[in-house]
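Enquirer: This one is work-v1.txt, compact mmCIF, C-alpha atoms.
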```txt
# COMPACT_ATOMS: atom_id res chain seq x y z
CA MET A 4 104.33 221.94 169.72
CA ALA A 5 107.57 220.03 170.32
CA ALA A 6 108.93 218.17 167.30
CA ARG A 7 108.61 214.42 167.48
CA GLN A 8 111.89 212.54 167.61
CA GLN A 9 112.71 210.08 164.89
CA ILE A 10 112.72 206.57 166.32
CA ASP A 11 115.40 203.96 165.85
CA PRO A 12 114.69 201.63 162.87
CA LEU A 13 115.18 198.58 165.08
CA ASP A 14 112.59 199.91 167.53
CA ALA A 15 110.24 200.49 164.62
CA HIS A 16 110.71 196.89 163.47
CA VAL A 17 110.06 195.59 166.98
CA LEU A 18 106.87 197.63 167.31
CA LEU A 19 105.66 196.71 163.82
CA GLY A 20 106.28 193.03 164.48
CA GLU A 21 104.35 193.28 167.74
CA ALA A 22 101.46 195.02 165.99
CA LEU A 23 101.35 192.25 163.36
CA GLY A 24 102.08 189.43 165.79
CA VAL A 25 105.19 188.29 163.87
CA ASP A 26 108.95 188.35 164.47
CA ARG A 27 111.52 190.59 162.79
CA ALA A 28 112.70 187.82 160.46
CA TYR A 29 109.18 187.55 159.05
CA LEU A 30 109.02 191.32 158.54
CA LEU A 31 112.28 191.36 156.63
CA ALA A 32 111.11 188.48 154.45
CA HIS A 33 107.63 189.95 153.89
CA PRO A 34 107.96 193.76 153.72
CA GLU A 35 104.64 193.96 151.88
CA ALA A 36 102.67 192.49 154.81
CA PRO A 37 99.54 194.66 155.21
CA LEU A 38 98.17 195.99 158.50
CA THR A 39 94.54 195.97 159.44
CA PRO A 40 93.12 199.35 160.53
CA GLU A 41 93.34 198.21 164.16
CA GLN A 42 96.98 197.15 163.76
CA ALA A 43 97.85 200.38 161.98
CA GLU A 44 96.27 202.43 164.76
CA ARG A 45 98.12 200.48 167.44
CA PHE A 46 101.43 200.81 165.59
CA ALA A 47 100.98 204.55 165.03
CA GLY A 48 100.23 205.06 168.72
CA TRP A 49 103.35 203.16 169.76
CA VAL A 50 105.51 205.08 167.29
CA ALA A 51 104.21 208.39 168.66
CA ARG A 52 104.96 207.39 172.24
CA CYS A 53 108.35 205.98 171.32
CA GLY A 54 109.15 209.16 169.42
CA ALA A 55 108.32 211.13 172.56
CA GLY A 56 110.92 209.12 174.45
CA GLU A 57 108.91 206.35 176.11
CA PRO A 58 111.02 203.17 176.19
CA VAL A 59 109.94 200.32 173.93
CA ALA A 60 110.25 197.92 176.87
CA TYR A 61 107.52 199.79 178.75
CA LEU A 62 105.35 200.03 175.66
CA LEU A 63 105.45 196.27 175.16
CA GLY A 64 105.73 195.32 178.83
CA ARG A 65 108.79 193.13 178.40
CA ARG A 66 112.54 193.13 177.82
CA ALA A 67 115.02 190.40 176.88
CA PHE A 68 117.87 189.80 179.32
CA TYR A 69 120.54 187.18 178.72
CA ASP A 70 118.48 184.33 177.22
CA LEU A 71 115.17 185.04 178.97
CA ASP A 72 112.28 187.43 178.45
CA PHE A 73 111.26 189.58 181.43
CA ALA A 74 108.07 191.42 182.21
CA VAL A 75 108.79 195.08 182.97
CA THR A 76 106.63 197.96 184.14
CA PRO A 77 107.44 201.57 185.05
CA ASP A 78 107.88 200.30 188.62
CA VAL A 79 111.21 198.66 187.70
CA LEU A 80 114.39 199.63 185.93
CA ILE A 81 114.63 198.19 182.43
CA PRO A 82 117.28 195.40 182.41
CA ARG A 83 120.29 196.31 180.32
CA PRO A 84 122.99 194.27 178.55
CA GLU A 85 125.68 195.77 180.80
CA SER A 86 124.23 193.86 183.75
CA GLU A 87 124.80 190.58 181.92
CA LEU A 88 128.51 191.10 182.59
CA LEU A 89 127.83 190.96 186.34
CA LEU A 90 125.94 187.73 185.86
CA GLU A 91 128.73 186.18 183.79
CA GLN A 92 131.28 187.08 186.46
CA ALA A 93 129.05 185.67 189.21
CA TRP A 94 128.70 182.35 187.37
CA ARG A 95 132.39 181.66 187.90
CA LEU A 96 131.37 180.31 191.31
CA SER A 97 128.41 178.35 190.04
CA ASP A 98 130.07 174.93 189.99
CA ARG A 99 129.01 174.34 193.58
CA LYS A 100 125.92 174.81 195.71
CA LEU A 101 125.74 178.47 196.66
CA THR A 102 123.62 180.75 198.78
CA VAL A 103 123.14 183.85 196.66
CA ALA A 104 121.49 187.25 197.10
CA ASP A 105 120.45 189.78 194.47
CA VAL A 106 120.10 193.06 196.38
CA GLY A 107 117.74 195.64 194.91
CA THR A 108 116.38 193.08 192.49
CA GLY A 109 113.94 195.27 190.54
CA SER A 110 112.49 193.10 187.77
CA GLY A 111 114.39 190.11 189.16
CA ALA A 112 116.58 189.83 186.07
CA LEU A 113 119.76 188.84 187.91
CA ALA A 114 118.17 186.57 190.51
CA VAL A 115 115.79 184.81 188.15
CA THR A 116 118.39 184.24 185.43
CA PHE A 117 120.88 182.90 187.97
CA ALA A 118 118.31 180.56 189.52
CA ALA A 119 116.99 179.39 186.15
CA HIS A 120 120.47 178.35 185.02
CA HIS A 121 121.69 177.04 188.38
CA PRO A 122 118.78 175.41 190.19
CA GLN A 123 121.16 173.91 192.75
CA ALA A 124 121.74 177.39 194.20
CA GLN A 125 119.65 178.89 197.01
CA VAL A 126 118.77 182.30 195.59
CA TYR A 127 117.31 185.22 197.55
CA ALA A 128 116.27 188.62 196.23
CA THR A 129 115.43 191.80 198.12
CA ASP A 130 113.91 195.13 197.20
CA ILE A 131 112.49 198.03 199.15
CA SER A 132 109.68 198.47 196.61
CA PRO A 133 106.66 196.15 196.92
CA LEU A 134 105.65 197.08 193.37
CA ALA A 135 109.03 196.00 192.03
CA LEU A 136 108.85 192.75 193.99
CA ALA A 137 105.46 191.98 192.43
CA VAL A 138 107.07 192.21 188.97
CA ALA A 139 110.05 190.10 190.08
CA ARG A 140 107.81 187.37 191.51
CA ARG A 141 105.89 187.29 188.26
CA ASN A 142 109.12 186.77 186.34
CA ALA A 143 110.27 184.01 188.68
CA GLU A 144 106.97 182.18 188.21
CA ARG A 145 107.13 182.64 184.46
CA HIS A 146 110.56 181.03 184.25
CA GLN A 147 109.96 178.49 187.02
CA ALA A 148 112.95 179.88 188.91
CA ALA A 149 113.25 179.09 192.62
CA VAL A 150 113.87 182.52 194.16
CA THR A 151 112.86 183.60 197.66
CA PHE A 152 111.85 187.26 197.76
CA PHE A 153 111.95 189.62 200.73
CA GLU A 154 110.77 193.22 200.98
CA GLY A 155 113.20 195.41 202.86
CA ASP A 156 116.27 197.60 202.85
CA LEU A 157 119.23 196.02 201.06
CA LEU A 158 120.56 193.05 203.10
CA ALA A 159 118.46 193.79 206.18
CA PRO A 160 115.79 191.08 205.53
CA LEU A 161 118.53 188.44 205.22
CA ILE A 162 120.43 189.64 208.28
CA GLU A 163 117.21 189.53 210.31
CA ARG A 164 116.76 185.88 209.33
CA GLY A 165 120.36 184.89 209.96
CA ILE A 166 120.99 183.98 206.32
CA LYS A 167 124.66 183.78 205.34
CA LEU A 168 125.72 184.27 201.75
CA ASP A 169 128.40 182.94 199.41
CA LEU A 170 127.62 185.51 196.73
CA ILE A 171 126.13 189.00 196.86
CA MET A 172 125.10 190.63 193.57
CA ALA A 173 123.80 194.19 193.42
CA ASN A 174 122.85 196.58 190.66
CA LEU A 175 121.92 199.47 192.93
CA PRO A 176 121.15 203.07 191.93
CA TYR A 177 124.45 204.72 190.99
CA ILE A 178 123.55 207.99 189.23
CA ALA A 179 124.38 211.16 191.17
CA SER A 180 121.24 213.05 192.19
CA GLY A 181 122.35 216.24 190.47
CA GLU A 182 122.86 214.48 187.15
CA LEU A 183 119.44 212.85 186.98
CA PRO A 184 117.32 215.77 185.68
CA ALA A 185 119.47 216.04 182.55
CA LEU A 186 119.22 212.33 181.71
CA ALA A 187 116.51 210.91 179.45
CA VAL A 188 116.33 207.78 181.63
CA SER A 189 114.86 209.84 184.48
CA ARG A 190 111.75 210.72 182.46
CA TYR A 191 110.24 207.25 182.56
CA GLU A 192 112.23 204.89 184.78
CA PRO A 193 111.71 204.95 188.57
CA ARG A 194 113.85 207.46 190.45
CA LEU A 195 114.10 204.98 193.32
CA ALA A 196 116.09 202.69 190.99
CA LEU A 197 118.33 205.48 189.65
CA ASP A 198 119.21 208.00 192.36
CA GLY A 199 122.46 207.07 194.09
CA GLY A 200 122.78 210.22 196.19
CA ALA A 201 125.23 213.09 195.95
CA ASP A 202 128.05 211.11 194.31
CA GLY A 203 126.04 208.09 193.13
CA LEU A 204 127.56 205.76 195.73
CA ASP A 205 125.27 206.19 198.75
CA LEU A 206 123.49 202.85 198.32
CA ILE A 207 126.79 201.03 197.81
CA ARG A 208 128.13 202.54 201.05
CA ARG A 209 125.07 201.36 202.93
CA LEU A 210 125.26 197.88 201.42
CA LEU A 211 128.93 197.55 202.32
CA ALA A 212 128.14 198.56 205.91
CA GLN A 213 125.75 195.59 206.12
CA THR A 214 127.86 193.06 204.24
CA SER A 215 129.94 191.68 207.10
CA GLN A 216 126.73 190.63 208.90
CA ALA A 217 125.48 188.59 205.93
CA ALA A 218 128.53 187.31 204.04
CA LYS A 219 130.31 184.04 204.74
CA PRO A 220 134.12 184.00 204.95
CA GLY A 221 135.48 183.96 201.41
CA ALA A 222 132.23 185.32 199.95
CA LEU A 223 132.21 187.07 196.58
CA ILE A 224 130.73 190.56 196.26
CA MET A 225 129.71 191.81 192.80
CA LEU A 226 128.60 195.45 192.44
CA GLU A 227 127.52 197.15 189.24
CA ILE A 228 128.75 200.74 189.08
CA GLY A 229 128.66 203.70 186.75
CA ALA A 230 131.34 204.56 184.23
CA GLY A 231 134.14 206.40 185.99
CA GLN A 232 133.20 205.22 189.50
CA GLY A 233 135.70 202.36 189.59
CA ASN A 234 138.43 203.91 191.74
CA ALA A 235 136.01 205.45 194.24
CA ALA A 236 133.94 202.27 194.55
CA ARG A 237 137.04 200.11 194.94
CA MET A 238 138.28 202.34 197.77
CA LEU A 239 134.91 202.05 199.52
CA VAL A 240 135.08 198.26 199.31
CA GLU A 241 138.66 198.18 200.61
CA GLN A 242 137.82 200.47 203.54
CA ALA A 243 134.60 198.67 204.51
CA LEU A 244 135.61 195.04 204.00
CA ALA A 245 139.41 194.75 203.74
CA PRO A 246 138.90 191.99 201.17
CA GLU A 247 141.41 189.40 200.05
CA ARG A 248 141.12 190.70 196.48
CA VAL A 249 139.25 193.52 194.78
CA GLU A 250 139.21 194.56 191.13
CA VAL A 251 137.31 196.82 188.77
CA ILE A 252 136.04 195.05 185.67
CA ARG A 253 135.35 197.06 182.54
CA ASP A 254 132.54 196.38 180.11
CA TYR A 255 132.92 195.76 176.39
CA ALA A 256 133.00 199.51 175.77
CA GLY A 257 136.00 199.85 178.09
CA LEU A 258 134.02 201.59 180.86
CA ASP A 259 134.10 200.82 184.58
CA ARG A 260 131.17 198.47 185.21
CA ILE A 261 131.73 195.92 188.00
CA VAL A 262 133.57 195.92 191.32
CA ARG A 263 134.43 192.33 192.21
CA ALA A 264 135.65 191.63 195.74
CA GLU A 265 136.59 188.34 197.37
CA LEU A 266 136.41 188.40 201.16
CA ARG A 267 139.02 186.81 203.34
CA GLY A 268 138.34 183.19 204.23
```
What is this structure when it is put down as structure tokens?

Expert:
Amino acid sequence: MAARQQIDPLDAHVLLGEALGVDRAYLLAHPEAPLTPEQAERFAGWVARCGAGEPVAYLLGRRAFYDLDFAVTPDVLIPRPESELLLEQAWRLSDRKLTVADVGTGSGALAVTFAAHHPQAQVYATDISPLALAVARRNAERHQAAVTFFEGDLLAPLIERGIKLDLIMANLPYIASGELPALAVSRYEPRLALDGGADGLDLIRRLLAQTSQAAKPGALIMLEIGAGQGNAARMLVEQALAPERVEVIRDYAGLDRIVRAELRG
């Protein structure tokens, strides 16, 4: 039988707090808090599953992103702190009324957070997965965020409706197909949200091919990418869009994370 992995102490605290129905601060202040047999059984089950690699977010059915809490299921990618950088960059335009799209929305983390903080914006979100869209709609309702959702391929639903955008945000699959089997993330999170094709950039290529039909002059394009994909992704943007400006933004770990392009006005 395979040995069970030791779980992170922070994950253990989160699971124990959930089992007891208290927050981490309470646990730290009351380490002697007893568990009922039912709570102990629930906690032990979660620890076993977490030790086997199942993400805590899926165990609890939620994940914090920016300053909101999002429902998550195995039908959507778990929102990650790195994507908050994309949101922060996008908010540089948020001082005026914008028409915004979150392409490949998944749980809706980007679209819902943007709309919740900037209700003056017209926010759209697309995804090819109806199961993912069901989760995203739930999150929009939970946070009373005005987001219009469309099922379909990348920007196609917006192009079909003649919608023109000031801002396009996208955290599309960017892991190369050949790398996926070796990654722990592929065991539980949906392949549809991870597999970016042979070099990890297939979905970005397809999005860029659609962009000119949906973007207004001067629109801002924000693409999350994988570490080390900056130069290749920037070249794709330059070739497809001939933008006014394009730059690769690194995350707080110094890794390539966002391609930011401003189209010509």

Enquirer: Considering only C-alpha atoms, can you say which of A:Ala149, A:Ala51, A:Ala173, A:Ala243 comes closest to Pro122 of chain A?

Expert: A:Ala149

Enquirer: Find the residue from A:Ala32, A:Ile81, A:Val75, A:Ala212 that sits nearest to Ala196 of chain A; use only C-alpha atoms when measuring.

Expert: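 Closest to Ala196 of chain A of all the choices is A:Ile81.
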
Enquirer: To one decimal in Å, tell me the separation between atom CA of Lys167 of chain A and atom CA of Gly199 of chain A.

Expert: 26.0 Å

Enquirer: Identify, on the basis of all atoms listed in the file, every residue whose closest approach to Leu158 of chain A does not exceed 12 Å; exclude the query and any residue fewer than 2 positions from it along the same chain; express the result as a JSON list (two decimals) with C-alpha atoms, in the frame of the given file.

Expert:
```json
[["chain", "number", "residue", "atom", "x", "y", "z"],
["A", 103, "VAL", "CA", 123.14, 183.85, 196.66],
["A", 104, "ALA", "CA", 121.49, 187.25, 197.10],
["A", 105, "ASP", "CA", 120.45, 189.78, 194.47],
["A", 106, "VAL", "CA", 120.10, 193.06, 196.38],
["A", 107, "GLY", "CA", 117.74, 195.64, 194.91],
["A", 108, "THR", "CA", 116.38, 193.08, 192.49],
["A", 127, "TYR", "CA", 117.31, 185.22, 197.55],
["A", 128, "ALA", "CA", 116.27, 188.62, 196.23],
["A", 129, "THR", "CA", 115.43, 191.80, 198.12],
["A", 130, "ASP", "CA", 113.91, 195.13, 197.20],
["A", 131, "ILE", "CA", 112.49, 198.03, 199.15],
["A", 152, "PHE", "CA", 111.85, 187.26, 197.76],
["A", 153, "PHE", "CA", 111.95, 189.62, 200.73],
["A", 154, "GLU", "CA", 110.77, 193.22, 200.98],
["A", 155, "GLY", "CA", 113.20, 195.41, 202.86],
["A", 156, "ASP", "CA", 116.27, 197.60, 202.85],
["A", 160, "PRO", "CA", 115.79, 191.08, 205.53],
["A", 161, "LEU", "CA", 118.53, 188.44, 205.22],
["A", 162, "ILE", "CA", 120.43, 189.64, 208.28],
["A", 163, "GLU", "CA", 117.21, 189.53, 210.31],
["A", 164, "ARG", "CA", 116.76, 185.88, 209.33],
["A", 165, "GLY", "CA", 120.36, 184.89, 209.96],
["A", 166, "ILE", "CA", 120.99, 183.98, 206.32],
["A", 167, "LYS", "CA", 124.66, 183.78, 205.34],
["A", 168, "LEU", "CA", 125.72, 184.27, 201.75],
["A", 171, "ILE", "CA", 126.13, 189.00, 196.86],
["A", 172, "MET", "CA", 125.10, 190.63, 193.57],
["A", 173, "ALA", "CA", 123.80, 194.19, 193.42],
["A", 206, "LEU", "CA", 123.49, 202.85, 198.32],
["A", 207, "ILE", "CA", 126.79, 201.03, 197.81],
["A", 209, "ARG", "CA", 125.07, 201.36, 202.93],
["A", 210, "LEU", "CA", 125.26, 197.88, 201.42],
["A", 211, "LEU", "CA", 128.93, 197.55, 202.32],
["A", 212, "ALA", "CA", 128.14, 198.56, 205.91],
["A", 213, "GLN", "CA", 125.75, 195.59, 206.12],
["A", 214, "THR", "CA", 127.86, 193.06, 204.24],
["A", 215, "SER", "CA", 129.94, 191.68, 207.10],
["A", 216, "GLN", "CA", 126.73, 190.63, 208.90],
["A", 217, "ALA", "CA", 125.48, 188.59, 205.93],
["A", 218, "ALA", "CA", 128.53, 187.31, 204.04]]
```

Enquirer: Between atom CA of Met225 of chain A and atom CA of Ala93 of chain A, what is the distance in Å, rounded to a tenth?

Expert: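 Atom-to-atom, atom CA of Met225 of chain A and atom CA of Ala93 of chain A are spaced 7.1 Å apart.
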
Enquirer: I want to know what sits within 10 Å of Ala67 of chain A, based on all atoms listed in the file, with residues of the same chain fewer than 6 positions away left out; could you give that as a ChimeraX atom specification?

Expert: /A:60,73-75,81-84,112

Enquirer: What does the file look like for those residues with C-alpha atoms, as a PDB file, in the frame of the given file?

Expert:
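To be explicit, this is the file written out as part25.pdb:
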```
ATOM      1  CA  ALA A  60     110.250 197.920 176.870  1.00  0.00           C
ATOM      2  CA  PHE A  73     111.260 189.580 181.430  1.00  0.00           C
ATOM      3  CA  ALA A  74     108.070 191.420 182.210  1.00  0.00           C
ATOM      4  CA  VAL A  75     108.790 195.080 182.970  1.00  0.00           C
ATOM      5  CA  ILE A  81     114.630 198.190 182.430  1.00  0.00           C
ATOM      6  CA  PRO A  82     117.280 195.400 182.410  1.00  0.00           C
ATOM      7  CA  ARG A  83     120.290 196.310 180.320  1.00  0.00           C
ATOM      8  CA  PRO A  84     122.990 194.270 178.550  1.00  0.00           C
ATOM      9  CA  ALA A 112     116.580 189.830 186.070  1.00  0.00           C
TER      10      ALA A 112
END
```

Enquirer: Neighbouring residues of Gly221 of chain A were defined as those with any atom within 8 Å, considering all atoms listed in the file; residues of the same chain fewer than 4 positions away were excluded. Please report them as an MDAnalysis selection string.

Expert: chainID A and resid 169 265:268

Enquirer: Find the residues near Ile228 of chain A: any atom within 12 Å, counting all atoms listed in the file, skip ones fewer than 3 places away on the same chain, and give them as a ChimeraX atom specification.

Expert: /A:85-86,88-89,172-179,197,199,202-207,225,231-237,251-254,258-263
